[in-house]
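work26.cif, holding mmCIF, N, CA and C atoms:
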```cif
data_coords
#
loop_
_atom_site.group_PDB
_atom_site.id
_atom_site.type_symbol
_atom_site.label_atom_id
_atom_site.label_comp_id
_atom_site.auth_asym_id
_atom_site.auth_seq_id
_atom_site.Cartn_x
_atom_site.Cartn_y
_atom_site.Cartn_z
ATOM 1 N N MET A 1 33.727 -3.401 -25.513
ATOM 2 C CA MET A 1 32.619 -3.915 -24.727
ATOM 3 C C MET A 1 32.302 -2.934 -23.602
ATOM 4 N N THR A 2 31.007 -2.695 -23.374
ATOM 5 C CA THR A 2 30.575 -1.768 -22.338
ATOM 6 C C THR A 2 30.634 -2.453 -20.982
ATOM 7 N N GLU A 3 31.225 -1.754 -20.035
ATOM 8 C CA GLU A 3 31.323 -2.290 -18.681
ATOM 9 C C GLU A 3 30.135 -1.791 -17.864
ATOM 10 N N LEU A 4 29.451 -2.693 -17.180
ATOM 11 C CA LEU A 4 28.342 -2.325 -16.324
ATOM 12 C C LEU A 4 28.858 -2.050 -14.919
ATOM 13 N N HIS A 5 28.379 -0.993 -14.334
ATOM 14 C CA HIS A 5 28.781 -0.634 -12.985
ATOM 15 C C HIS A 5 27.624 -0.907 -12.036
ATOM 16 N N PHE A 6 27.928 -1.545 -10.943
ATOM 17 C CA PHE A 6 26.905 -1.976 -9.997
ATOM 18 C C PHE A 6 26.147 -0.808 -9.370
ATOM 19 N N TRP A 7 26.834 0.223 -8.892
ATOM 20 C CA TRP A 7 26.181 1.266 -8.113
ATOM 21 C C TRP A 7 25.109 2.038 -8.891
ATOM 22 N N PRO A 8 25.361 2.501 -10.110
ATOM 23 C CA PRO A 8 24.285 3.198 -10.838
ATOM 24 C C PRO A 8 23.059 2.308 -11.090
ATOM 25 N N ILE A 9 23.299 1.042 -11.341
ATOM 26 C CA ILE A 9 22.182 0.116 -11.535
ATOM 27 C C ILE A 9 21.404 -0.034 -10.230
ATOM 28 N N ALA A 10 22.105 -0.173 -9.120
ATOM 29 C CA ALA A 10 21.454 -0.302 -7.816
ATOM 30 C C ALA A 10 20.663 0.962 -7.473
ATOM 31 N N GLN A 11 21.217 2.136 -7.773
ATOM 32 C CA GLN A 11 20.512 3.392 -7.509
ATOM 33 C C GLN A 11 19.174 3.426 -8.252
ATOM 34 N N CYS A 12 19.215 3.080 -9.516
ATOM 35 C CA CYS A 12 17.982 3.092 -10.328
ATOM 36 C C CYS A 12 16.984 2.051 -9.842
ATOM 37 N N LEU A 13 17.464 0.868 -9.469
ATOM 38 C CA LEU A 13 16.558 -0.170 -8.978
ATOM 39 C C LEU A 13 15.905 0.224 -7.663
ATOM 40 N N VAL A 14 16.644 0.893 -6.791
ATOM 41 C CA VAL A 14 16.064 1.362 -5.530
ATOM 42 C C VAL A 14 14.948 2.367 -5.823
ATOM 43 N N LEU A 15 15.194 3.303 -6.733
ATOM 44 C CA LEU A 15 14.177 4.307 -7.048
ATOM 45 C C LEU A 15 12.979 3.702 -7.774
ATOM 46 N N LEU A 16 13.210 2.730 -8.640
ATOM 47 C CA LEU A 16 12.089 2.058 -9.304
ATOM 48 C C LEU A 16 11.241 1.281 -8.298
ATOM 49 N N THR A 17 11.897 0.653 -7.349
ATOM 50 C CA THR A 17 11.178 -0.061 -6.293
ATOM 51 C C THR A 17 10.351 0.912 -5.467
ATOM 52 N N LEU A 18 10.937 2.049 -5.157
ATOM 53 C CA LEU A 18 10.225 3.083 -4.417
ATOM 54 C C LEU A 18 9.017 3.589 -5.207
ATOM 55 N N ALA A 19 9.220 3.881 -6.484
ATOM 56 C CA ALA A 19 8.138 4.393 -7.328
ATOM 57 C C ALA A 19 6.980 3.402 -7.420
ATOM 58 N N ASN A 20 7.293 2.126 -7.543
ATOM 59 C CA ASN A 20 6.235 1.125 -7.680
ATOM 60 C C ASN A 20 5.655 0.687 -6.346
ATOM 61 N N GLY A 21 6.357 0.957 -5.254
ATOM 62 C CA GLY A 21 5.867 0.573 -3.936
ATOM 63 C C GLY A 21 4.998 1.613 -3.271
ATOM 64 N N VAL A 22 5.185 2.866 -3.606
ATOM 65 C CA VAL A 22 4.443 3.945 -2.948
ATOM 66 C C VAL A 22 2.936 3.899 -3.243
ATOM 67 N N PRO A 23 2.483 3.720 -4.477
ATOM 68 C CA PRO A 23 1.020 3.722 -4.714
ATOM 69 C C PRO A 23 0.239 2.680 -3.912
ATOM 70 N N PRO A 24 0.693 1.412 -3.826
ATOM 71 C CA PRO A 24 -0.090 0.469 -3.005
ATOM 72 C C PRO A 24 -0.052 0.811 -1.512
ATOM 73 N N ILE A 25 1.065 1.358 -1.044
ATOM 74 C CA ILE A 25 1.143 1.763 0.363
ATOM 75 C C ILE A 25 0.190 2.927 0.607
ATOM 76 N N ALA A 26 0.146 3.859 -0.320
ATOM 77 C CA ALA A 26 -0.774 5.002 -0.195
ATOM 78 C C ALA A 26 -2.218 4.523 -0.183
ATOM 79 N N LYS A 27 -2.535 3.525 -0.993
ATOM 80 C CA LYS A 27 -3.897 2.981 -1.013
ATOM 81 C C LYS A 27 -4.246 2.366 0.334
ATOM 82 N N LYS A 28 -3.314 1.631 0.924
ATOM 83 C CA LYS A 28 -3.553 1.024 2.243
ATOM 84 C C LYS A 28 -3.747 2.099 3.313
ATOM 85 N N MET A 29 -2.935 3.146 3.249
ATOM 86 C CA MET A 29 -2.968 4.174 4.286
ATOM 87 C C MET A 29 -4.099 5.184 4.096
ATOM 88 N N LEU A 30 -4.405 5.522 2.839
ATOM 89 C CA LEU A 30 -5.339 6.606 2.567
ATOM 90 C C LEU A 30 -6.698 6.154 2.045
ATOM 91 N N GLY A 31 -6.822 4.868 1.749
ATOM 92 C CA GLY A 31 -8.096 4.366 1.219
ATOM 93 C C GLY A 31 -8.439 5.019 -0.110
ATOM 94 N N ASP A 32 -9.641 5.540 -0.213
ATOM 95 C CA ASP A 32 -10.087 6.166 -1.460
ATOM 96 C C ASP A 32 -9.835 7.673 -1.509
ATOM 97 N N TRP A 33 -9.208 8.217 -0.478
ATOM 98 C CA TRP A 33 -8.965 9.653 -0.425
ATOM 99 C C TRP A 33 -8.056 10.078 -1.572
ATOM 100 N N LEU A 34 -8.520 10.972 -2.400
ATOM 101 C CA LEU A 34 -7.810 11.497 -3.585
ATOM 102 C C LEU A 34 -7.440 10.418 -4.596
ATOM 103 N N ALA A 35 -8.198 9.341 -4.622
ATOM 104 C CA ALA A 35 -7.880 8.220 -5.508
ATOM 105 C C ALA A 35 -8.700 8.275 -6.793
ATOM 106 N N SER A 36 -8.666 9.399 -7.478
ATOM 107 C CA SER A 36 -9.413 9.491 -8.733
ATOM 108 C C SER A 36 -8.587 8.894 -9.869
ATOM 109 N N PRO A 37 -9.221 8.048 -10.692
ATOM 110 C CA PRO A 37 -8.499 7.424 -11.799
ATOM 111 C C PRO A 37 -7.964 8.473 -12.787
ATOM 112 N N ILE A 38 -6.776 8.231 -13.292
ATOM 113 C CA ILE A 38 -6.170 9.160 -14.246
ATOM 114 C C ILE A 38 -7.031 9.284 -15.500
ATOM 115 N N ASP A 39 -7.635 8.182 -15.923
ATOM 116 C CA ASP A 39 -8.440 8.218 -17.147
ATOM 117 C C ASP A 39 -9.838 8.784 -16.923
ATOM 118 N N GLY A 40 -10.164 9.135 -15.681
ATOM 119 C CA GLY A 40 -11.468 9.709 -15.386
ATOM 120 C C GLY A 40 -12.623 8.753 -15.616
ATOM 121 N N GLY A 41 -12.337 7.457 -15.685
ATOM 122 C CA GLY A 41 -13.381 6.471 -15.918
ATOM 123 C C GLY A 41 -13.793 6.335 -17.374
ATOM 124 N N ARG A 42 -13.041 6.974 -18.270
ATOM 125 C CA ARG A 42 -13.394 6.920 -19.698
ATOM 126 C C ARG A 42 -13.174 5.521 -20.263
ATOM 127 N N LEU A 43 -13.964 5.195 -21.260
ATOM 128 C CA LEU A 43 -13.840 3.916 -21.956
ATOM 129 C C LEU A 43 -13.168 4.131 -23.296
ATOM 130 N N PHE A 44 -12.401 3.141 -23.716
ATOM 131 C CA PHE A 44 -11.771 3.152 -25.031
ATOM 132 C C PHE A 44 -12.806 2.682 -26.044
ATOM 133 N N TRP A 45 -12.500 2.742 -27.331
ATOM 134 C CA TRP A 45 -13.470 2.354 -28.354
ATOM 135 C C TRP A 45 -13.894 0.896 -28.246
ATOM 136 N N ASP A 46 -13.087 0.058 -27.567
ATOM 137 C CA ASP A 46 -13.442 -1.354 -27.415
ATOM 138 C C ASP A 46 -14.376 -1.599 -26.228
ATOM 139 N N GLY A 47 -14.782 -0.521 -25.539
ATOM 140 C CA GLY A 47 -15.705 -0.638 -24.416
ATOM 141 C C GLY A 47 -15.040 -0.913 -23.082
ATOM 142 N N GLN A 48 -13.751 -1.138 -23.099
ATOM 143 C CA GLN A 48 -12.992 -1.380 -21.865
ATOM 144 C C GLN A 48 -12.479 -0.056 -21.313
ATOM 145 N N PRO A 49 -12.210 -0.003 -19.986
ATOM 146 C CA PRO A 49 -11.632 1.219 -19.431
ATOM 147 C C PRO A 49 -10.310 1.558 -20.130
ATOM 148 N N LEU A 50 -10.056 2.837 -20.273
ATOM 149 C CA LEU A 50 -8.820 3.278 -20.916
ATOM 150 C C LEU A 50 -7.615 2.739 -20.159
ATOM 151 N N LEU A 51 -7.558 2.963 -18.850
ATOM 152 C CA LEU A 51 -6.459 2.459 -18.026
ATOM 153 C C LEU A 51 -6.959 1.580 -16.894
ATOM 154 N N GLY A 52 -8.016 1.969 -16.265
ATOM 155 C CA GLY A 52 -8.526 1.249 -15.106
ATOM 156 C C GLY A 52 -8.420 2.107 -13.860
ATOM 157 N N LYS A 53 -9.157 1.710 -12.829
ATOM 158 C CA LYS A 53 -9.222 2.544 -11.637
ATOM 159 C C LYS A 53 -8.004 2.426 -10.728
ATOM 160 N N SER A 54 -7.115 1.486 -10.981
ATOM 161 C CA SER A 54 -5.923 1.367 -10.134
ATOM 162 C C SER A 54 -4.842 2.385 -10.501
ATOM 163 N N ASN A 55 -4.928 2.996 -11.674
ATOM 164 C CA ASN A 55 -3.988 4.052 -12.061
ATOM 165 C C ASN A 55 -4.578 5.391 -11.636
ATOM 166 N N THR A 56 -4.136 5.868 -10.476
ATOM 167 C CA THR A 56 -4.718 7.088 -9.921
ATOM 168 C C THR A 56 -3.746 8.253 -9.999
ATOM 169 N N LEU A 57 -4.308 9.425 -9.985
ATOM 170 C CA LEU A 57 -3.504 10.641 -9.957
ATOM 171 C C LEU A 57 -2.697 10.694 -8.663
ATOM 172 N N ARG A 58 -3.306 10.262 -7.563
ATOM 173 C CA ARG A 58 -2.601 10.237 -6.276
ATOM 174 C C ARG A 58 -1.349 9.358 -6.357
ATOM 175 N N GLY A 59 -1.478 8.162 -6.920
ATOM 176 C CA GLY A 59 -0.340 7.264 -7.040
ATOM 177 C C GLY A 59 0.747 7.836 -7.928
ATOM 178 N N PHE A 60 0.337 8.447 -9.035
ATOM 179 C CA PHE A 60 1.295 9.042 -9.975
ATOM 180 C C PHE A 60 2.092 10.150 -9.293
ATOM 181 N N VAL A 61 1.377 11.044 -8.608
ATOM 182 C CA VAL A 61 2.034 12.183 -7.961
ATOM 183 C C VAL A 61 2.910 11.720 -6.799
ATOM 184 N N LEU A 62 2.391 10.827 -5.949
ATOM 185 C CA LEU A 62 3.169 10.381 -4.797
ATOM 186 C C LEU A 62 4.397 9.569 -5.210
ATOM 187 N N ALA A 63 4.275 8.758 -6.247
ATOM 188 C CA ALA A 63 5.433 7.987 -6.719
ATOM 189 C C ALA A 63 6.518 8.915 -7.252
ATOM 190 N N THR A 64 6.109 9.911 -8.021
ATOM 191 C CA THR A 64 7.076 10.865 -8.564
ATOM 192 C C THR A 64 7.720 11.672 -7.443
ATOM 193 N N LEU A 65 6.927 12.097 -6.479
ATOM 194 C CA LEU A 65 7.447 12.856 -5.342
ATOM 195 C C LEU A 65 8.386 12.006 -4.486
ATOM 196 N N ALA A 66 8.011 10.760 -4.250
ATOM 197 C CA ALA A 66 8.845 9.872 -3.424
ATOM 198 C C ALA A 66 10.199 9.615 -4.075
ATOM 199 N N THR A 67 10.219 9.423 -5.378
ATOM 200 C CA THR A 67 11.512 9.190 -6.037
ATOM 201 C C THR A 67 12.353 10.463 -6.072
ATOM 202 N N ALA A 68 11.693 11.624 -6.147
ATOM 203 C CA ALA A 68 12.432 12.890 -6.082
ATOM 204 C C ALA A 68 13.090 13.050 -4.713
ATOM 205 N N ILE A 69 12.363 12.677 -3.656
ATOM 206 C CA ILE A 69 12.909 12.763 -2.306
ATOM 207 C C ILE A 69 13.958 11.674 -2.071
ATOM 208 N N GLY A 70 13.718 10.493 -2.617
ATOM 209 C CA GLY A 70 14.643 9.370 -2.415
ATOM 210 C C GLY A 70 15.930 9.467 -3.206
ATOM 211 N N ALA A 71 15.917 10.183 -4.302
ATOM 212 C CA ALA A 71 17.103 10.265 -5.161
ATOM 213 C C ALA A 71 18.348 10.782 -4.432
ATOM 214 N N PRO A 72 18.269 11.889 -3.707
ATOM 215 C CA PRO A 72 19.476 12.342 -2.998
ATOM 216 C C PRO A 72 19.958 11.347 -1.934
ATOM 217 N N LEU A 73 19.044 10.536 -1.406
ATOM 218 C CA LEU A 73 19.430 9.550 -0.397
ATOM 219 C C LEU A 73 20.286 8.430 -0.973
ATOM 220 N N VAL A 74 20.190 8.222 -2.296
ATOM 221 C CA VAL A 74 21.029 7.206 -2.952
ATOM 222 C C VAL A 74 22.104 7.838 -3.820
ATOM 223 N N GLY A 75 22.259 9.159 -3.707
ATOM 224 C CA GLY A 75 23.345 9.831 -4.409
ATOM 225 C C GLY A 75 23.014 10.378 -5.778
ATOM 226 N N LEU A 76 21.745 10.532 -6.092
ATOM 227 C CA LEU A 76 21.340 11.102 -7.377
ATOM 228 C C LEU A 76 20.670 12.453 -7.132
ATOM 229 N N ASP A 77 20.586 13.253 -8.181
ATOM 230 C CA ASP A 77 19.930 14.549 -8.001
ATOM 231 C C ASP A 77 18.405 14.403 -8.096
ATOM 232 N N ILE A 78 17.714 15.422 -7.603
ATOM 233 C CA ILE A 78 16.255 15.402 -7.539
ATOM 234 C C ILE A 78 15.640 15.242 -8.927
ATOM 235 N N GLU A 79 16.206 15.917 -9.927
ATOM 236 C CA GLU A 79 15.666 15.832 -11.286
ATOM 237 C C GLU A 79 15.700 14.398 -11.814
ATOM 238 N N THR A 80 16.768 13.677 -11.493
ATOM 239 C CA THR A 80 16.861 12.278 -11.906
ATOM 240 C C THR A 80 15.787 11.452 -11.205
ATOM 241 N N GLY A 81 15.552 11.746 -9.937
ATOM 242 C CA GLY A 81 14.493 11.055 -9.202
ATOM 243 C C GLY A 81 13.128 11.300 -9.804
ATOM 244 N N VAL A 82 12.855 12.556 -10.154
ATOM 245 C CA VAL A 82 11.573 12.889 -10.792
ATOM 246 C C VAL A 82 11.449 12.135 -12.113
ATOM 247 N N LEU A 83 12.503 12.129 -12.904
ATOM 248 C CA LEU A 83 12.478 11.446 -14.201
ATOM 249 C C LEU A 83 12.225 9.951 -14.037
ATOM 250 N N ILE A 84 12.894 9.330 -13.079
ATOM 251 C CA ILE A 84 12.704 7.889 -12.864
ATOM 252 C C ILE A 84 11.280 7.605 -12.383
ATOM 253 N N GLY A 85 10.783 8.387 -11.438
ATOM 254 C CA GLY A 85 9.418 8.181 -10.947
ATOM 255 C C GLY A 85 8.381 8.408 -12.028
ATOM 256 N N PHE A 86 8.550 9.478 -12.790
ATOM 257 C CA PHE A 86 7.617 9.803 -13.866
ATOM 258 C C PHE A 86 7.591 8.694 -14.918
ATOM 259 N N THR A 87 8.759 8.261 -15.365
ATOM 260 C CA THR A 87 8.794 7.227 -16.408
ATOM 261 C C THR A 87 8.303 5.880 -15.887
ATOM 262 N N ALA A 88 8.533 5.586 -14.606
ATOM 263 C CA ALA A 88 8.003 4.342 -14.037
ATOM 264 C C ALA A 88 6.477 4.355 -14.070
ATOM 265 N N MET A 89 5.880 5.484 -13.726
ATOM 266 C CA MET A 89 4.420 5.580 -13.721
ATOM 267 C C MET A 89 3.844 5.580 -15.139
ATOM 268 N N VAL A 90 4.530 6.218 -16.083
ATOM 269 C CA VAL A 90 4.081 6.173 -17.478
ATOM 270 C C VAL A 90 4.162 4.735 -17.991
ATOM 271 N N GLY A 91 5.207 4.024 -17.607
ATOM 272 C CA GLY A 91 5.335 2.616 -17.985
ATOM 273 C C GLY A 91 4.214 1.770 -17.401
ATOM 274 N N ASP A 92 3.844 2.044 -16.157
ATOM 275 C CA ASP A 92 2.732 1.326 -15.542
ATOM 276 C C ASP A 92 1.420 1.615 -16.272
ATOM 277 N N MET A 93 1.233 2.867 -16.670
ATOM 278 C CA MET A 93 0.009 3.214 -17.402
ATOM 279 C C MET A 93 -0.017 2.527 -18.769
ATOM 280 N N LEU A 94 1.118 2.481 -19.448
ATOM 281 C CA LEU A 94 1.186 1.796 -20.739
ATOM 282 C C LEU A 94 0.877 0.309 -20.572
ATOM 283 N N SER A 95 1.439 -0.290 -19.528
ATOM 284 C CA SER A 95 1.170 -1.698 -19.246
ATOM 285 C C SER A 95 -0.315 -1.924 -18.979
ATOM 286 N N SER A 96 -0.920 -1.041 -18.205
ATOM 287 C CA SER A 96 -2.345 -1.149 -17.915
ATOM 288 C C SER A 96 -3.173 -1.007 -19.184
ATOM 289 N N PHE A 97 -2.817 -0.054 -20.036
ATOM 290 C CA PHE A 97 -3.526 0.154 -21.297
ATOM 291 C C PHE A 97 -3.475 -1.115 -22.158
ATOM 292 N N ILE A 98 -2.299 -1.701 -22.269
ATOM 293 C CA ILE A 98 -2.136 -2.913 -23.086
ATOM 294 C C ILE A 98 -2.921 -4.074 -22.484
ATOM 295 N N LYS A 99 -2.874 -4.230 -21.152
ATOM 296 C CA LYS A 99 -3.624 -5.306 -20.508
ATOM 297 C C LYS A 99 -5.125 -5.164 -20.763
ATOM 298 N N ARG A 100 -5.639 -3.942 -20.742
ATOM 299 C CA ARG A 100 -7.056 -3.731 -21.007
ATOM 300 C C ARG A 100 -7.390 -4.108 -22.444
ATOM 301 N N ARG A 101 -6.509 -3.801 -23.385
ATOM 302 C CA ARG A 101 -6.771 -4.136 -24.779
ATOM 303 C C ARG A 101 -6.754 -5.645 -24.989
ATOM 304 N N LEU A 102 -5.916 -6.353 -24.214
ATOM 305 C CA LEU A 102 -5.833 -7.805 -24.354
ATOM 306 C C LEU A 102 -6.870 -8.536 -23.499
ATOM 307 N N GLY A 103 -7.631 -7.777 -22.708
ATOM 308 C CA GLY A 103 -8.663 -8.370 -21.867
ATOM 309 C C GLY A 103 -8.119 -9.070 -20.637
ATOM 310 N N LEU A 104 -6.915 -8.731 -20.202
ATOM 311 C CA LEU A 104 -6.329 -9.348 -19.017
ATOM 312 C C LEU A 104 -6.783 -8.612 -17.774
ATOM 313 N N GLU A 105 -6.977 -9.358 -16.724
ATOM 314 C CA GLU A 105 -7.396 -8.757 -15.449
ATOM 315 C C GLU A 105 -6.183 -8.201 -14.727
ATOM 316 N N ARG A 106 -6.475 -7.313 -13.790
ATOM 317 C CA ARG A 106 -5.438 -6.731 -12.947
ATOM 318 C C ARG A 106 -4.875 -7.832 -12.048
ATOM 319 N N PHE A 107 -3.555 -7.837 -11.872
ATOM 320 C CA PHE A 107 -2.903 -8.825 -11.013
ATOM 321 C C PHE A 107 -3.028 -8.356 -9.569
ATOM 322 N N LEU A 108 -3.637 -9.164 -8.750
ATOM 323 C CA LEU A 108 -3.791 -8.837 -7.327
ATOM 324 C C LEU A 108 -2.946 -9.786 -6.506
ATOM 325 N N PHE A 109 -2.248 -9.227 -5.519
ATOM 326 C CA PHE A 109 -1.483 -10.113 -4.647
ATOM 327 C C PHE A 109 -1.794 -9.861 -3.222
#
```
Just dump the structure as structure tokens.
Amino acid sequence: MTELHFWPIAQCLVLLTLANGVPPIAKKMLGDWLASPIDGGRLFWDGQPLLGKSNTLRGFVLATLATAIGAPLVGLDIETGVLIGFTAMVGDMLSSFIKRRLGLERFLF
């Protein structure tokens, strides 16, 4: 049986929280500055946006950068931070793509 260790799980959760928290904070602080949608406003064959305007290049870059900077603070190397931030943002884009295909609205809180 595989034993789960608390600290590596906590490290990853801290970085995932950081990756997902940075884009909304950047939006509050920076408004529309550098907030160009990753999909460039393109539509998919179903007429819906490919990803939507909430998936921005600014959010992707800042989330990846923040996790790279945060990784050494929790005891991981920078490359691991970049990987976690990058995959978190790719996961968010995949989720957005699927939501658009299903016709679901963006969750606002």
Among range 14-99 of chain A, which residues does DSSP mark as alpha helix (DSSP H) when it is run on the backbone? Keep the chain and numbering as in the structure and answer as a ChimeraX atom specification.
/A:14-30,57-73,78-99
Evaluate the PyMOL selection byres (((chain A and resi 11 and name CA) around 12) and name CA) here and jot the selected residues down as a PyMOL selection string.
chain A and resi 5-10+12-18+67+70-77+80-81+84
Could the centre and edge lengths of an axis-aligned box, enclosing all atoms of range 67-83 of chain A in the file with 3 Å extra on each side, be given in Å to one decimal as JSON?
```
{"center_x": 16.8, "center_y": 11.6, "center_z": -7.3, "size_x": 19.1, "size_y": 14.7, "size_z": 19.8}
```
Go through A:Ala68, A:Met93, A:Ala26, A:Ile78 one by one, measure the shortest atom-to-atom distance of each to Asp39 in chain A using only C-alpha atoms, and give the residue with the smallest value.
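So, comparing all the options, the nearest one is A:Met93.
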Just give me the gap between atom N of Ile98 in chain A and atom N of Lys27 in chain A in Å, one decimal is fine.
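Interatomic distance, atom N of Ile98 in chain A to atom N of Lys27 in chain A: 21.9 Å.
A straight line drawn from CA of Pro49 in chain A to CA of Arg100 in chain A is 6.9 Å long.
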For a test of reading the model, state the distance in Å between CA of Met89 in chain A and CA of Asn20 in chain A, rounded to one decimal.
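Taking CA of Met89 in chain A as the start and CA of Asn20 in chain A as the end point, the length is 7.7 Å.
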Which one of A:Leu51, A:Ala19, A:Leu102, A:Leu57 sits closest to Asp32 in chain A if you count only C-alpha atoms?
A:Leu57
Which residue out of A:Leu50, A:Val22, A:Leu34, A:Ile69 has the minimum interatomic distance to Phe97 in chain A when only C-alpha atoms are used?
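Closest to Phe97 in chain A of all the choices is A:Leu50.
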Counting only N, CA and C atoms, the residue of A:Phe86, A:Gly41, A:Asp92, A:Ser36 that sits nearest Thr56 in chain A
A:Ser36
With distances taken over only N, CA and C atoms, the candidate from A:Arg58, A:Leu4, A:Leu65, A:Val82 nearest Trp33 in chain A is A:Arg58
